[in-house]
Amino acid sequence: MFIQVNGKKDEVPESLHTIADLLSHYGLDKKVVIVEQNGVIIDKTTHSETLLTADDQLEFVHFVGGG
Amino acid sequence: MKDSLVIGGVELSSRLFIGTGKYADHHQMKEAITTSESQVVTVALRRVDMDSEADNIVNDIPDHVTLMPNTSGARTADEAIRIARLAKASGMGNWIKIEVISDSKYLLPDNQETVKATEVLAKEGFIVLPYMSPDLMAAKQMEQAGASAIMPLGAPIGSNKGIRMKEMIQIMIDEIKVPIVVDAGIGKPSEAAEAMEMGADAVLVNTAIATADDPINMAHAFNLAVRSGRLGYLSGLGPISKKAHASSPLTGFLG
Amino acid sequence: MSFYTKLKEINTLSFDELFENVTNRDVEKVLKKDRLSEQDFMTLLSPAAENYLEEMAQKSHEITTQHFGKTMQLFLPLYLSDYCVNTCKYCSFSVDNDFPRRRLSMEEIEQEAKIIADMGIKHIILLSGESRMHSSNAYLKESLKVLKKYFSSIGLEIQPLDTEEYQELVDHGIDGLTVYQEVYNEEIYAGIHTKGPKRDFKYRLDTPERGAFAGMRSVNIAALLGLDDWRKESFITGLHAAYLQDNYLETEVGVSFPRIRPNAGDFQPKVDVTDKNLVQALLASRLFLPRSGITISTRETPEFRDQLIPLGVTKMSAASSTVVGGYTEPDATQSQFEISDERSVKEVKELLLAKGYQPVMKDWHILS
């Protein structure tokens, strides 16, 4: 299925069902990444319950150095 | 002597907060956090770059340290609120440094938008530390809006000019009940000590440490300066004698 | 929020001991400081500080001049009514004192206003005994219609009101509130306020705060010196003023130092407050509260008032009458207390000018 991640279109396997699946697909599962799905912030604790659907608009953000 | 600072229910024995920006690498940053003995560390929030290996700064910040994400990049209260909510969704705590900057020339904070964001986020249960231009009325409004501490700038961000806003900050220290953390502008350890001698509750330093030739030792130097300034403040600085001037007696009539 | 919480805290202090323990060195240290803590304020009210009154006076003069310039605001009290529902043992208006009571009609108010305005005075304070029936908001609003024609600032010194009532009066042109706690010692307070709504200590204590909240431009507080230890009472008054300043930045907070005067009742002061004591209270308060207004009343003699001018005073009344209708017909009825300074406005103005002070008759004008 096609989804949009950080403004870019990407094709991911149909076998990905949840946000948690998607994060491990991108190799981000071991990292602190915050996900916004279609404008809704997904709390870290619900990543594995939140379902992924085709045409989802996703934003991945993370912490970087800052003052 | 026990002298701890409590913000948002967290008891801090170090009054030096440090930023994590502008370091050469994570290893250097991690070492600097260690030598600074800081217990509050700021980070920023950015989109993940999907084309390169994701940064993972959080792994290099010791667990006992309170993470204080900032809302850098926000130009309005609404943007700051969105960034704060994103930061909270990480599960890394509920501290937030509100930073709303719409001036790209001097990077000065927008106090009005900051007050708005403070009010919304404090109501949502965040521990809010607004970064602001020193102004008593704005500080009072932030305090009233639920800020847990107020962070006036000492000089424009990244300028290393020292505490140019001294009088205004002093007034805030005297009048505001929540802790005052001097943020931005501190370029030297002596300036951090100066802020502490004035009675500030803490200071936040980033550029001066991260861009020093030896950031790890500079972090240590700031650690000592902040402790020294605080101890000086607590010990009661000797008053500065004014020049004596003779004038006619005013109370002679009392006999 | 209420100052009452702070007052409870203050009451746990052992004042006698704290005042006695102050040394000369402590006072000297405080005199070198720019900003005074509550403890520093206490130091300056101590017996030890009596040795430093001249130093305190010099400093007080300097910072008052720095903040206010060499100016003195003049105002007059206008007594509207002497009906009162309270028994205050020290006051001639007490409900128990039998004398013909009187309330000015609108025509009489206009008459008084004209006389005061002719003296050049633009700031007045409306006074009455405490009676919601006689000095009601309806009556006051009527009075304001008349008075606004003559004065640019009209303050109030009547029975304490609720916030909404103050808001209503502010909307109709009142800009200042004077309310004296009389005494901050709750026990003594209960002992001398034996009848009437004034018995509610806390309601009175919160009155200046309600006024500030309602938008009064200035709020003036005081303890009636002589009812309890003046050092302690002055300390609490200063802290009360600081509390109001901290919480209501837009309000100008002032303090006064009324000493209890002989009056028609048989009550006489419990504690003797000497001239020297009053000067010390005034100076310590000025140093603790560099920006607050300080009023000195006509209860004091002309000679003493003249000496106080350079010490930190910013407001004084002149040619005061404490009698209802007293400007129109002097010696009319019962005065609230005896005044000691009976000089005319002209005399007071001349005196101020001679001392290098500018008499200020009008400081602002509310546009409505």
# chains A, B, ... in the order shown; residues from 1 in each chain; ligands from 1
>>> residues_around(residues="range 24-35 of chain A", least_positions_apart="4", cutoff="8 Å", atoms="only C-alpha atoms", output="list in words")
Ala20, Ile41, Ile42, Asp43, Lys44, Leu58, Glu59, Phe60, Val61, His62 and Phe63 of chain A; Ala54, Asn56, Val58, Leu86, Ala87, Ala89 and Ser90 of chain B
>>> select_by_dssp(residues="chain A", states="strand (DSSP E)", output="list in words")
Phe2, Ile3, Gln4, Val5, Lys8, Lys9, Asp10, Glu11, Val33, Ile34, Val35, Glu36, Gln37, Val40, Ile41, Ile42, Gln57, Leu58, Glu59, Phe60, Val61, His62, Phe63, Val64 and Gly65 of chain A
>>> write_last_selection(atoms="N, CA, C and O atoms", output="mmCIF file, in the first residue's frame")
data_model
loop_
_atom_site.group_PDB
_atom_site.id
_atom_site.type_symbol
_atom_site.label_atom_id
_atom_site.label_comp_id
_atom_site.auth_asym_id
_atom_site.auth_seq_id
_atom_site.Cartn_x
_atom_site.Cartn_y
_atom_site.Cartn_z
ATOM 1 N N PHE A 2 0.248 2.335 -0.453
ATOM 2 C CA PHE A 2 0.984 3.598 -0.474
ATOM 3 C C PHE A 2 0.617 4.460 0.734
ATOM 4 O O PHE A 2 -0.549 4.543 1.108
ATOM 5 N N ILE A 3 1.615 5.042 1.309
ATOM 6 C CA ILE A 3 1.387 5.983 2.413
ATOM 7 C C ILE A 3 2.292 7.200 2.175
ATOM 8 O O ILE A 3 3.131 7.154 1.262
ATOM 9 N N GLN A 4 2.100 8.229 2.969
ATOM 10 C CA GLN A 4 2.980 9.390 2.842
ATOM 11 C C GLN A 4 3.725 9.593 4.161
ATOM 12 O O GLN A 4 3.099 9.711 5.213
ATOM 13 N N VAL A 5 5.045 9.610 4.116
ATOM 14 C CA VAL A 5 5.844 9.785 5.333
ATOM 15 C C VAL A 5 6.699 11.048 5.202
ATOM 16 O O VAL A 5 7.472 11.172 4.252
ATOM 17 N N LYS A 8 6.745 12.598 1.867
ATOM 18 C CA LYS A 8 7.160 11.804 0.689
ATOM 19 C C LYS A 8 6.306 10.547 0.570
ATOM 20 O O LYS A 8 6.065 9.855 1.557
ATOM 21 N N LYS A 9 5.906 10.241 -0.673
ATOM 22 C CA LYS A 9 5.102 9.048 -0.908
ATOM 23 C C LYS A 9 6.001 7.813 -0.840
ATOM 24 O O LYS A 9 7.139 7.831 -1.305
ATOM 25 N N ASP A 10 5.480 6.732 -0.254
ATOM 26 C CA ASP A 10 6.298 5.521 -0.148
ATOM 27 C C ASP A 10 5.379 4.304 -0.233
ATOM 28 O O ASP A 10 4.233 4.340 0.202
ATOM 29 N N GLU A 11 5.905 3.220 -0.805
ATOM 30 C CA GLU A 11 5.114 1.988 -0.855
ATOM 31 C C GLU A 11 5.636 1.047 0.208
ATOM 32 O O GLU A 11 6.847 0.800 0.288
ATOM 33 N N VAL A 33 10.885 7.855 18.585
ATOM 34 C CA VAL A 33 10.290 8.556 17.451
ATOM 35 C C VAL A 33 8.830 8.830 17.777
ATOM 36 O O VAL A 33 8.129 7.961 18.302
ATOM 37 N N ILE A 34 8.419 10.043 17.488
ATOM 38 C CA ILE A 34 7.033 10.417 17.767
ATOM 39 C C ILE A 34 6.288 10.435 16.428
ATOM 40 O O ILE A 34 6.806 10.930 15.424
ATOM 41 N N VAL A 35 5.089 9.882 16.457
ATOM 42 C CA VAL A 35 4.346 9.720 15.213
ATOM 43 C C VAL A 35 3.059 10.541 15.239
ATOM 44 O O VAL A 35 2.331 10.552 16.238
ATOM 45 N N GLU A 36 2.837 11.207 14.130
ATOM 46 C CA GLU A 36 1.579 11.908 13.958
ATOM 47 C C GLU A 36 0.912 11.273 12.740
ATOM 48 O O GLU A 36 1.513 11.198 11.672
ATOM 49 N N GLN A 37 -0.317 10.782 12.954
ATOM 50 C CA GLN A 37 -1.015 10.099 11.868
ATOM 51 C C GLN A 37 -2.219 10.944 11.463
ATOM 52 O O GLN A 37 -3.110 11.180 12.284
ATOM 53 N N VAL A 40 -3.112 13.533 13.848
ATOM 54 C CA VAL A 40 -3.385 13.145 15.233
ATOM 55 C C VAL A 40 -2.103 12.579 15.846
ATOM 56 O O VAL A 40 -1.465 11.683 15.270
ATOM 57 N N ILE A 41 -1.741 13.140 16.999
ATOM 58 C CA ILE A 41 -0.520 12.654 17.658
ATOM 59 C C ILE A 41 -0.799 11.291 18.294
ATOM 60 O O ILE A 41 -1.775 11.112 19.017
ATOM 61 N N ILE A 42 0.055 10.333 18.002
ATOM 62 C CA ILE A 42 -0.135 8.976 18.532
ATOM 63 C C ILE A 42 0.795 8.788 19.728
ATOM 64 O O ILE A 42 2.021 8.843 19.595
ATOM 65 N N GLN A 57 -1.329 9.792 6.093
ATOM 66 C CA GLN A 57 -0.291 10.831 6.079
ATOM 67 C C GLN A 57 0.426 10.731 7.425
ATOM 68 O O GLN A 57 -0.199 10.925 8.456
ATOM 69 N N LEU A 58 1.703 10.425 7.395
ATOM 70 C CA LEU A 58 2.430 10.230 8.654
ATOM 71 C C LEU A 58 3.569 11.229 8.796
ATOM 72 O O LEU A 58 4.220 11.589 7.815
ATOM 73 N N GLU A 59 3.748 11.675 10.025
ATOM 74 C CA GLU A 59 4.898 12.519 10.330
ATOM 75 C C GLU A 59 5.708 11.810 11.406
ATOM 76 O O GLU A 59 5.167 11.407 12.428
ATOM 77 N N PHE A 60 6.985 11.646 11.159
ATOM 78 C CA PHE A 60 7.879 11.093 12.177
ATOM 79 C C PHE A 60 8.760 12.232 12.691
ATOM 80 O O PHE A 60 9.448 12.882 11.895
ATOM 81 N N VAL A 61 8.739 12.443 13.959
ATOM 82 C CA VAL A 61 9.666 13.447 14.517
ATOM 83 C C VAL A 61 10.473 12.829 15.645
ATOM 84 O O VAL A 61 10.072 11.812 16.226
ATOM 85 N N HIS A 62 11.599 13.420 15.941
ATOM 86 C CA HIS A 62 12.456 12.891 17.014
ATOM 87 C C HIS A 62 13.233 14.033 17.655
ATOM 88 O O HIS A 62 13.205 15.162 17.183
ATOM 89 N N PHE A 63 13.887 13.710 18.733
ATOM 90 C CA PHE A 63 14.661 14.724 19.435
ATOM 91 C C PHE A 63 16.030 14.887 18.807
ATOM 92 O O PHE A 63 16.677 13.913 18.440
ATOM 93 N N VAL A 64 16.457 16.138 18.719
ATOM 94 C CA VAL A 64 17.813 16.444 18.248
ATOM 95 C C VAL A 64 18.430 17.447 19.223
ATOM 96 O O VAL A 64 17.739 17.946 20.113
ATOM 97 N N GLY A 65 19.687 17.733 19.011
ATOM 98 C CA GLY A 65 20.348 18.696 19.891
ATOM 99 C C GLY A 65 19.679 20.062 19.810
ATOM 100 O O GLY A 65 19.258 20.490 18.742
#
>>> residues_around(residues="Leu45 in chain C", least_positions_apart="3", cutoff="12 Å", atoms="only C-alpha atoms", output="ChimeraX atom specification")
/C:15-16,18-23,26-27,30,38-42,48-53,56,229-236,238,276-288
>>> residues_around(residues="range 155-166 of chain B", least_positions_apart="6", cutoff="12 Å", atoms="only C-alpha atoms", output="PDB file with C-alpha atoms, in the first residue's frame")
ATOM      1  CA  GLY A  66      18.945  22.047  20.949  1.00  0.00           C
ATOM      2  CA  GLY A  67      19.207  24.728  23.574  1.00  0.00           C
TER       3      GLY A  67
ATOM      4  CA  GLY B  19      21.445  22.640  26.010  1.00  0.00           C
ATOM      5  CA  GLY B  21      22.786  21.868  20.433  1.00  0.00           C
ATOM      6  CA  LYS B  22      25.948  22.719  18.504  1.00  0.00           C
ATOM      7  CA  GLU B  99      10.170  29.180  22.796  1.00  0.00           C
ATOM      8  CA  ILE B 101      10.258  33.210  17.902  1.00  0.00           C
ATOM      9  CA  ASP B 103      11.761  37.458  14.573  1.00  0.00           C
ATOM     10  CA  SER B 104      14.374  35.909  12.341  1.00  0.00           C
ATOM     11  CA  LYS B 105      16.759  38.843  12.598  1.00  0.00           C
ATOM     12  CA  TYR B 106      17.480  38.945  16.360  1.00  0.00           C
ATOM     13  CA  LEU B 107      15.682  35.724  17.337  1.00  0.00           C
ATOM     14  CA  LEU B 108      13.893  37.498  20.173  1.00  0.00           C
ATOM     15  CA  PRO B 109      10.983  35.664  21.765  1.00  0.00           C
ATOM     16  CA  TYR B 131      11.693  31.497  27.494  1.00  0.00           C
ATOM     17  CA  MET B 132      11.028  35.226  27.312  1.00  0.00           C
ATOM     18  CA  SER B 133      12.268  38.779  26.917  1.00  0.00           C
ATOM     19  CA  PRO B 134      12.693  40.126  30.456  1.00  0.00           C
ATOM     20  CA  ASP B 135       9.532  42.058  31.215  1.00  0.00           C
ATOM     21  CA  MET B 172      11.910  39.731  37.995  1.00  0.00           C
ATOM     22  CA  ILE B 173      13.994  37.895  40.595  1.00  0.00           C
ATOM     23  CA  VAL B 182      18.483  32.985  33.152  1.00  0.00           C
ATOM     24  CA  ASP B 183      18.562  31.595  29.641  1.00  0.00           C
ATOM     25  CA  ALA B 184      20.517  32.788  26.617  1.00  0.00           C
ATOM     26  CA  GLY B 185      23.377  35.219  26.361  1.00  0.00           C
ATOM     27  CA  ILE B 186      25.629  33.799  29.064  1.00  0.00           C
ATOM     28  CA  GLY B 187      29.042  33.526  27.442  1.00  0.00           C
ATOM     29  CA  LYS B 188      31.439  32.965  30.307  1.00  0.00           C
ATOM     30  CA  PRO B 189      31.452  31.089  33.604  1.00  0.00           C
ATOM     31  CA  SER B 190      31.850  34.433  35.413  1.00  0.00           C
ATOM     32  CA  GLU B 191      28.580  35.591  33.870  1.00  0.00           C
ATOM     33  CA  ALA B 192      26.806  32.483  35.099  1.00  0.00           C
ATOM     34  CA  ALA B 193      28.192  33.246  38.558  1.00  0.00           C
ATOM     35  CA  GLU B 194      26.959  36.821  38.226  1.00  0.00           C
ATOM     36  CA  ALA B 195      23.418  35.623  37.494  1.00  0.00           C
ATOM     37  CA  MET B 196      23.523  33.358  40.530  1.00  0.00           C
ATOM     38  CA  GLU B 197      24.896  36.145  42.751  1.00  0.00           C
ATOM     39  CA  MET B 198      21.949  38.273  41.667  1.00  0.00           C
ATOM     40  CA  GLY B 199      19.668  35.636  43.107  1.00  0.00           C
ATOM     41  CA  ALA B 200      18.641  33.787  39.941  1.00  0.00           C
ATOM     42  CA  VAL B 203      20.940  29.338  34.468  1.00  0.00           C
ATOM     43  CA  LEU B 204      20.660  27.613  31.124  1.00  0.00           C
ATOM     44  CA  VAL B 205      23.794  27.489  28.992  1.00  0.00           C
ATOM     45  CA  ASN B 206      24.318  25.950  25.590  1.00  0.00           C
ATOM     46  CA  THR B 207      26.432  27.849  23.049  1.00  0.00           C
ATOM     47  CA  ALA B 208      29.150  28.895  25.495  1.00  0.00           C
ATOM     48  CA  ILE B 209      29.823  25.277  26.422  1.00  0.00           C
ATOM     49  CA  ALA B 210      29.162  23.519  23.127  1.00  0.00           C
ATOM     50  CA  THR B 211      31.302  25.865  21.054  1.00  0.00           C
ATOM     51  CA  ALA B 212      34.250  26.155  23.464  1.00  0.00           C
TER      52      ALA B 212
END
>>> select_by_dssp(residues="chain A", states="helix (DSSP H, G or I)", output="NGL selection string")
:A and (19-25 or 44-46)
